[in-house]
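Just final17.txt here, compact mmCIF, C-alpha atoms:
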```
# COMPACT_ATOMS: atom_id res chain seq x y z
CA MET J 1 9.07 62.14 -45.25
CA ARG J 2 6.73 64.51 -43.49
CA VAL J 3 3.17 64.02 -44.73
CA ALA J 4 0.05 66.13 -44.28
CA ALA J 5 -3.65 65.39 -44.38
CA VAL J 6 -5.91 68.32 -45.25
CA GLN J 7 -9.42 68.52 -43.77
CA MET J 8 -12.10 70.68 -45.42
CA ASN J 9 -15.76 71.55 -45.22
CA VAL J 10 -16.59 71.21 -48.91
CA GLY J 11 -19.70 72.91 -50.22
CA GLU J 12 -21.38 73.64 -53.52
CA ARG J 13 -19.29 76.68 -54.56
CA LYS J 14 -16.43 75.17 -56.51
CA SER J 15 -14.32 78.32 -56.57
CA ASP J 16 -14.49 78.64 -52.77
CA ASN J 17 -13.55 74.99 -52.29
CA VAL J 18 -10.54 75.23 -54.57
CA ALA J 19 -9.37 78.46 -52.93
CA LEU J 20 -9.55 76.84 -49.50
CA ALA J 21 -7.64 73.78 -50.74
CA LEU J 22 -4.85 75.93 -52.16
CA ALA J 23 -4.55 77.88 -48.90
CA LEU J 24 -4.35 74.67 -46.87
CA VAL J 25 -1.69 73.26 -49.21
CA ASP J 26 0.31 76.42 -48.45
CA GLU J 27 -0.14 75.79 -44.73
CA ALA J 28 0.92 72.16 -45.05
CA ALA J 29 4.02 73.12 -47.01
CA ALA J 30 4.89 75.79 -44.44
CA ARG J 31 4.82 73.04 -41.82
CA GLY J 32 7.35 71.02 -43.79
CA ALA J 33 5.12 68.53 -45.59
CA ARG J 34 6.66 66.79 -48.60
CA LEU J 35 3.40 64.97 -49.37
CA VAL J 36 0.05 66.75 -49.02
CA VAL J 37 -3.20 64.77 -49.21
CA LEU J 38 -6.56 66.47 -49.88
CA PRO J 39 -10.03 65.02 -49.11
CA GLU J 40 -12.50 63.26 -51.39
CA LEU J 41 -14.62 65.42 -53.74
CA MET J 42 -12.61 68.49 -52.77
CA THR J 43 -13.91 70.67 -55.60
CA TYR J 44 -17.65 70.10 -55.09
CA HIS J 45 -19.91 68.21 -52.70
CA GLY J 46 -23.56 68.55 -53.58
CA SER J 47 -26.29 67.21 -55.81
CA PRO J 48 -25.18 64.89 -58.64
CA ALA J 49 -27.53 66.93 -60.84
CA ARG J 50 -24.67 69.44 -61.13
CA TYR J 51 -21.92 66.93 -61.92
CA ARG J 52 -21.96 67.79 -65.62
CA GLU J 53 -21.35 71.44 -64.68
CA VAL J 54 -18.53 70.82 -62.19
CA ALA J 55 -16.80 67.80 -63.74
CA GLU J 56 -13.31 68.25 -65.10
CA SER J 57 -10.60 66.15 -66.64
CA VAL J 58 -7.22 65.28 -65.14
CA PRO J 59 -5.12 67.14 -66.17
CA GLY J 60 -7.58 69.99 -65.92
CA PRO J 61 -8.11 73.38 -64.23
CA THR J 62 -7.90 72.19 -60.62
CA SER J 63 -5.02 69.78 -61.13
CA GLU J 64 -3.11 72.53 -62.95
CA LEU J 65 -3.59 74.90 -59.99
CA LEU J 66 -2.35 72.18 -57.63
CA ALA J 67 0.55 71.41 -59.99
CA ALA J 68 1.62 75.05 -59.66
CA LYS J 69 1.54 74.65 -55.86
CA ALA J 70 3.60 71.45 -56.12
CA ARG J 71 6.23 73.33 -58.12
CA GLU J 72 6.11 76.33 -55.78
CA HIS J 73 6.64 74.25 -52.65
CA GLY J 74 8.65 71.37 -54.11
CA CYS J 75 6.22 68.78 -52.74
CA PHE J 76 4.03 65.91 -53.86
CA ILE J 77 0.30 66.60 -53.85
CA HIS J 78 -2.42 63.98 -53.75
CA GLY J 79 -5.45 65.77 -55.14
CA GLY J 80 -8.02 64.00 -52.93
CA SER J 81 -10.64 63.36 -55.57
CA LEU J 82 -12.91 65.20 -57.95
CA VAL J 83 -15.73 64.47 -60.37
CA GLU J 84 -14.26 63.51 -63.75
CA PRO J 85 -16.21 63.06 -67.00
CA GLY J 86 -17.05 59.38 -67.32
CA PRO J 87 -17.97 56.74 -69.88
CA THR J 88 -21.46 58.09 -70.63
CA GLU J 89 -23.37 61.36 -70.49
CA ARG J 90 -24.92 60.48 -67.13
CA LEU J 91 -22.03 58.63 -65.47
CA PHE J 92 -18.84 60.19 -64.10
CA TYR J 93 -15.75 58.98 -62.27
CA ASN J 94 -14.67 59.78 -58.70
CA THR J 95 -11.01 60.33 -59.47
CA SER J 96 -7.80 60.74 -57.47
CA TYR J 97 -4.40 61.75 -58.79
CA VAL J 98 -0.84 62.40 -57.62
CA LEU J 99 1.37 65.28 -58.73
CA ASP J 100 5.15 65.37 -58.28
CA PRO J 101 7.27 68.40 -57.23
CA GLY J 102 7.74 69.30 -60.88
CA GLY J 103 3.97 69.47 -61.32
CA SER J 104 3.83 66.35 -63.48
CA LEU J 105 0.98 63.86 -63.18
CA ARG J 106 2.34 60.64 -61.65
CA ALA J 107 -0.75 58.48 -61.07
CA VAL J 108 -4.54 58.42 -61.51
CA TYR J 109 -6.98 56.22 -59.57
CA ARG J 110 -10.74 55.96 -60.06
CA LYS J 111 -12.82 54.82 -57.08
CA VAL J 112 -13.49 51.09 -57.34
CA HIS J 113 -16.12 50.53 -54.62
CA LEU J 114 -19.20 52.74 -54.87
CA PHE J 115 -21.23 53.95 -51.90
CA ASP J 116 -24.56 52.21 -52.46
CA VAL J 117 -25.99 51.84 -48.94
CA SER J 118 -29.19 52.20 -46.97
CA VAL J 119 -28.56 52.28 -43.21
CA SER J 120 -31.11 54.88 -42.14
CA LYS J 121 -32.70 58.08 -43.39
CA GLU J 122 -29.41 59.78 -42.48
CA VAL J 123 -27.26 57.33 -44.43
CA SER J 124 -28.94 56.38 -47.69
CA ASN J 125 -27.11 56.82 -50.95
CA ARG J 126 -26.67 55.26 -54.38
CA GLU J 127 -23.39 56.52 -55.77
CA SER J 128 -23.63 54.16 -58.74
CA GLY J 129 -26.54 56.26 -60.03
CA SER J 130 -24.07 58.95 -61.08
CA ILE J 131 -20.57 57.44 -60.71
CA ALA J 132 -19.02 54.64 -62.76
CA PRO J 133 -16.57 52.36 -60.90
CA GLY J 134 -12.91 52.24 -61.74
CA ASP J 135 -11.42 48.90 -62.72
CA ALA J 136 -7.80 49.09 -61.54
CA LEU J 137 -5.89 49.24 -58.26
CA VAL J 138 -3.09 51.80 -58.25
CA ALA J 139 0.18 52.31 -56.38
CA VAL J 140 2.85 54.86 -57.23
CA GLU J 141 6.55 54.89 -56.40
CA LEU J 142 7.80 58.13 -54.87
CA PRO J 143 11.48 58.66 -54.02
CA GLU J 144 10.96 57.97 -50.30
CA LEU J 145 8.06 55.49 -50.35
CA VAL J 146 5.43 53.58 -52.29
CA LEU J 147 1.95 55.08 -52.06
CA GLY J 148 -1.21 52.97 -52.33
CA MET J 149 -4.34 54.80 -53.51
CA SER J 150 -7.96 54.42 -52.41
CA ILE J 151 -11.06 56.56 -51.85
CA CYS J 152 -13.53 56.62 -48.92
CA PHE J 153 -15.89 53.59 -49.20
CA ASP J 154 -12.91 51.53 -50.36
CA LEU J 155 -11.93 51.59 -46.68
CA ARG J 156 -14.44 48.81 -45.97
CA PHE J 157 -12.74 46.37 -48.36
CA PRO J 158 -9.56 45.03 -46.73
CA GLU J 159 -8.68 42.94 -49.77
CA LEU J 160 -7.98 46.13 -51.73
CA TYR J 161 -5.40 47.28 -49.19
CA ARG J 162 -3.84 43.85 -48.89
CA ALA J 163 -3.35 43.83 -52.67
CA LEU J 164 -1.73 47.28 -52.49
CA ALA J 165 0.57 46.20 -49.64
CA ALA J 166 1.50 43.01 -51.50
CA ALA J 167 2.44 45.21 -54.48
CA GLY J 168 4.82 47.16 -52.22
CA ALA J 169 2.71 50.01 -50.85
CA GLN J 170 4.07 51.34 -47.55
CA VAL J 171 1.71 54.30 -47.15
CA LEU J 172 -2.02 53.95 -47.85
CA VAL J 173 -3.97 57.09 -48.71
CA VAL J 174 -7.69 57.45 -47.96
CA PRO J 175 -9.28 60.74 -49.06
CA ALA J 176 -12.80 60.56 -47.67
CA ALA J 177 -16.21 62.14 -47.14
CA PHE J 178 -17.42 59.78 -44.41
CA ARG J 179 -20.92 60.37 -43.09
CA GLU J 180 -21.19 61.47 -39.46
CA VAL J 181 -23.44 58.56 -38.42
CA THR J 182 -21.28 55.74 -39.76
CA GLY J 183 -18.07 57.64 -39.12
CA ARG J 184 -18.81 57.86 -35.42
CA ALA J 185 -19.28 54.09 -35.32
CA HIS J 186 -16.62 52.83 -37.73
CA TRP J 187 -14.11 55.42 -39.03
CA GLU J 188 -11.29 55.10 -36.51
CA ALA J 189 -11.63 51.32 -36.25
CA LEU J 190 -11.42 50.91 -40.03
CA VAL J 191 -8.52 53.33 -40.53
CA ARG J 192 -6.47 51.72 -37.75
CA ALA J 193 -7.35 48.21 -38.93
CA ARG J 194 -6.06 48.91 -42.44
CA ALA J 195 -2.79 50.13 -40.90
CA ILE J 196 -2.42 47.22 -38.48
CA GLU J 197 -3.26 44.38 -40.85
CA ASN J 198 -0.83 45.62 -43.51
CA HIS J 199 1.78 47.22 -41.23
CA ALA J 200 1.52 50.37 -43.29
CA TYR J 201 0.98 54.05 -42.59
CA VAL J 202 -2.51 55.33 -43.38
CA VAL J 203 -3.11 58.97 -44.29
CA ALA J 204 -6.85 59.65 -44.15
CA ALA J 205 -7.89 63.16 -45.25
CA ALA J 206 -11.57 63.79 -44.57
CA GLN J 207 -14.39 66.24 -45.05
CA TRP J 208 -16.07 67.66 -41.97
CA GLY J 209 -19.21 69.69 -41.24
CA VAL J 210 -22.37 69.93 -43.31
CA ALA J 211 -21.92 69.42 -47.04
CA GLY J 212 -24.28 70.25 -49.87
CA GLY J 213 -27.70 68.72 -49.34
CA ASN J 214 -27.36 69.11 -45.55
CA VAL J 215 -25.34 65.93 -45.19
CA ALA J 216 -23.21 65.85 -42.03
CA MET J 217 -19.61 64.69 -42.49
CA TYR J 218 -17.61 63.09 -39.68
CA GLY J 219 -14.20 64.74 -40.09
CA HIS J 220 -11.54 63.23 -37.82
CA SER J 221 -8.75 63.21 -40.40
CA MET J 222 -6.04 60.85 -39.17
CA ILE J 223 -2.47 59.73 -39.75
CA VAL J 224 -1.84 56.26 -38.33
CA ASP J 225 1.46 54.36 -38.09
CA PRO J 226 2.12 50.69 -39.00
CA TRP J 227 1.52 49.57 -35.40
CA GLY J 228 -1.90 51.22 -35.32
CA ALA J 229 -0.91 54.26 -33.26
CA VAL J 230 -2.68 57.51 -34.14
CA LEU J 231 0.08 60.02 -34.87
CA ALA J 232 -2.21 62.97 -35.61
CA GLU J 233 -5.94 63.65 -35.70
CA LEU J 234 -8.21 66.63 -36.38
CA PRO J 235 -11.77 66.06 -35.05
CA ASP J 236 -13.37 68.97 -36.90
CA GLY J 237 -12.62 72.29 -38.56
CA ASP J 238 -10.72 73.22 -41.70
CA GLY J 239 -7.06 72.51 -41.14
CA VAL J 240 -3.96 70.42 -41.58
CA ILE J 241 -2.36 67.60 -39.60
CA VAL J 242 1.21 66.47 -40.14
CA ALA J 243 3.35 63.51 -39.11
CA GLU J 244 6.66 61.90 -39.98
CA VAL J 245 6.57 58.75 -42.09
CA ASP J 246 9.55 56.39 -42.00
CA VAL J 247 9.45 53.34 -44.27
CA ALA J 248 12.04 51.68 -42.01
CA GLU J 249 9.23 51.41 -39.44
CA VAL J 250 7.08 49.64 -42.06
CA GLU J 251 9.80 47.11 -42.79
CA LYS J 252 10.50 46.62 -39.08
CA ARG J 253 6.88 45.77 -38.30
CA ARG J 254 6.52 43.55 -41.38
CA GLY J 255 9.60 41.69 -40.23
CA GLN J 256 8.28 41.22 -36.70
CA ILE J 257 4.86 39.93 -37.78
CA PRO J 258 5.25 38.85 -41.43
CA VAL J 259 1.60 39.00 -42.45
CA LEU J 260 2.45 39.53 -46.11
CA ALA J 261 5.01 36.74 -46.35
CA ALA J 262 2.83 34.31 -44.39
CA ARG J 263 -0.22 34.62 -46.63
CA ARG J 264 -1.56 31.38 -48.15
CA THR J 265 -2.86 32.61 -51.47
CA ASP J 266 -2.92 29.02 -52.75
CA VAL J 267 -5.54 28.21 -50.09
CA TYR J 268 -7.49 31.45 -50.44
CA GLU J 269 -8.09 30.77 -54.13
CA ARG J 270 -9.79 27.42 -53.43
CA PRO J 271 -13.54 27.19 -52.82
CA VAL J 272 -14.54 27.42 -49.17
CA GLN J 273 -15.45 24.02 -47.76
CA VAL J 274 -18.82 24.51 -46.07
CA TYR J 275 -20.09 21.75 -43.76
CA ARG J 276 -23.88 21.59 -43.80
CA GLU J 277 -26.30 19.32 -42.00
CA ASP J 278 -26.26 16.77 -44.80
CA THR J 279 -22.49 16.98 -45.43
CA PRO J 280 -20.64 13.72 -44.76
CA ALA J 281 -18.46 13.81 -41.68
CA PRO J 282 -14.87 14.85 -42.41
CA THR J 283 -12.25 12.12 -42.63
CA THR J 284 -8.80 12.43 -41.17
```
Same coordinates, now as structure tokens:
Amino acid sequence: MRVAAVQMNVGERKSDNVALALALVDEAAARGARLVVLPELMTYHGSPARYREVAESVPGPTSELLAAKAREHGCFIHGGSLVEPGPTERLFYNTSYVLDPGGSLRAVYRKVHLFDVSVSKEVSNRESGSIAPGDALVAVELPELVLGMSICFDLRFPELYRALAAAGAQVLVVPAAFREVTGRAHWEALVRARAIENHAYVVAAAQWGVAGGNVAMYGHSMIVDPWGAVLAELPDGDGVIVAEVDVAEVEKRRGQIPVLAARRTDVYERPVQVYREDTPAPTT
């Protein structure tokens, strides 16, 4: 399967963002992509004060437009993510979804790990103030492969990806809006690590440029193979990267270094034995 990651500079004008996404889906399809992945928050990136205005359900207006593109091009589309109405008036979901070539909704995933951080003035955010966390991990079977779903900050939680791989995921999708400061330090290392430790492809579709609120995004959308090799990358600019994904390569690498089969879940579930100053010496 040929896959594509779409990179966008997402702003506060929802109609402009959606129009750009549709045009880039056309470009990806013209380049032969059978799976197109959009970035996180692809309909709107700005103040949470406007979430009530821009939120939409799935299915909803944007997913229906993308469903029409899926039917037109005969491809799968991963809708990146958007703001979905949530459990209360003030809380929303950060929601991903997958559409099949017939335009039908195949899977929905709500971001599990929320971006509550304070690194510097440039990277300070409390996503949980406006977003409610999802409570389920999601993988979806496509004809050619099994897709594992995640969103942005999830990337820092390897246990999520290990659970997806253990459930059969061969391609891991990471729509993202990674900040420029932390992206420069960690993005490539994290994306490649998730591929290497699970022997899976990773398709990471990112935002770039300055988003609403003058927040700089890192860009650098990537497609990485199960050995950790970067197959395609786009440092900045609106655009599309494509690469071939072959699940036989996943199975080959998992056979060579059987990290999934060699796991000791029986040991991991036990409490960690911590030796402290007053702990009796271990016996053999």
**Prompt:** Which residues, written as a VMD selection string, have at least one atom at most 10 Å from Leu66 in chain J, with only C-alpha atoms counted and residues fewer than 5 positions away on the same chain left out?
**Reply:** chain J and resid 18 21 to 22 25 61 71 to 72 76 to 79 98 to 99 103
**Request:** May I ask for the distance between CA of Val250 in chain J and CA of Gln7 in chain J, given in Å to one decimal place?
**Result:** 25.1 Å
**Residue neighbourhood range 198-212 of chain J, 7 Å, all atoms listed in the file, exclusion window fewer than 2 positions, as a PyMOL selection string** = chain J and resi 5-12+37-40+45-47+162+165+170-177+191+194-196+214-227+236-237+250+253-254
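Between CA of Ser104 in chain J and CA of Val58 in chain J lies a distance of 11.2 Å.
Here the question is which of J:Gly168, J:Phe92, J:Gly255, J:Ala49 gets nearest to Gly213 in chain J using all atoms listed in the file, and that residue is J:Ala49.
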**Prompt:** Neighbours of range 264-272 of chain J within 12 Å (only C-alpha atoms; same-chain residues fewer than 3 positions away dropped), as a PyMOL selection string?
**Reply:** chain J and resi 159+162-163+166+259-261+275
Could you write out the selected residues, including C-alpha atoms, as a tab-separated table (two decimals), in the frame of the given file?
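Result file is result28.tsv:
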```
chain	number	residue	atom	x	y	z
J	159	GLU	CA	-8.68	42.94	-49.77
J	162	ARG	CA	-3.84	43.85	-48.89
J	163	ALA	CA	-3.35	43.83	-52.67
J	166	ALA	CA	1.50	43.01	-51.50
J	259	VAL	CA	1.60	39.00	-42.45
J	260	LEU	CA	2.45	39.53	-46.11
J	261	ALA	CA	5.01	36.74	-46.35
J	275	TYR	CA	-20.09	21.75	-43.76
```
**Prompt:** In Å, with one decimal, what is the gap from CA of Pro48 in chain J to CA of Ser130 in chain J?
**Reply:**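 The value is 6.5 Å.
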**Prompt:** Hey, which of J:Ala132, J:Phe153, J:Asp26, J:Asp100 ends up closest to Glu64 in chain J? Count all atoms listed in the file.
**Reply:**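 Looking only at the distances to Glu64 in chain J, the closest residue turns out to be J:Asp100.
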**Request:** Return the single residue from J:His73, J:Arg192, J:Arg52, J:His186 that is closest to Val36 in chain J, with distances computed using all atoms listed in the file.
**Result:**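 When distances to Val36 in chain J are compared using all atoms listed in the file, the smallest one comes from J:His73.
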**Request:** May I have the residues within 7 Å of Leu24 in chain J as a PyMOL selection string, using only C-alpha atoms and disregarding those fewer than 4 positions away in the same chain?
**Result:** chain J and resi 6+20+28+239-240
**Request:** Determine, counting all atoms listed in the file, which protein, DNA and RNA residues have an atom within 8 Å of an atom of Val83 in chain J; residues of the same chain fewer than 2 positions away are not included. Present the result as number ranges by chain.
**Result:** J: 41, 44, 51, 54-56, 81, 85, 92-95
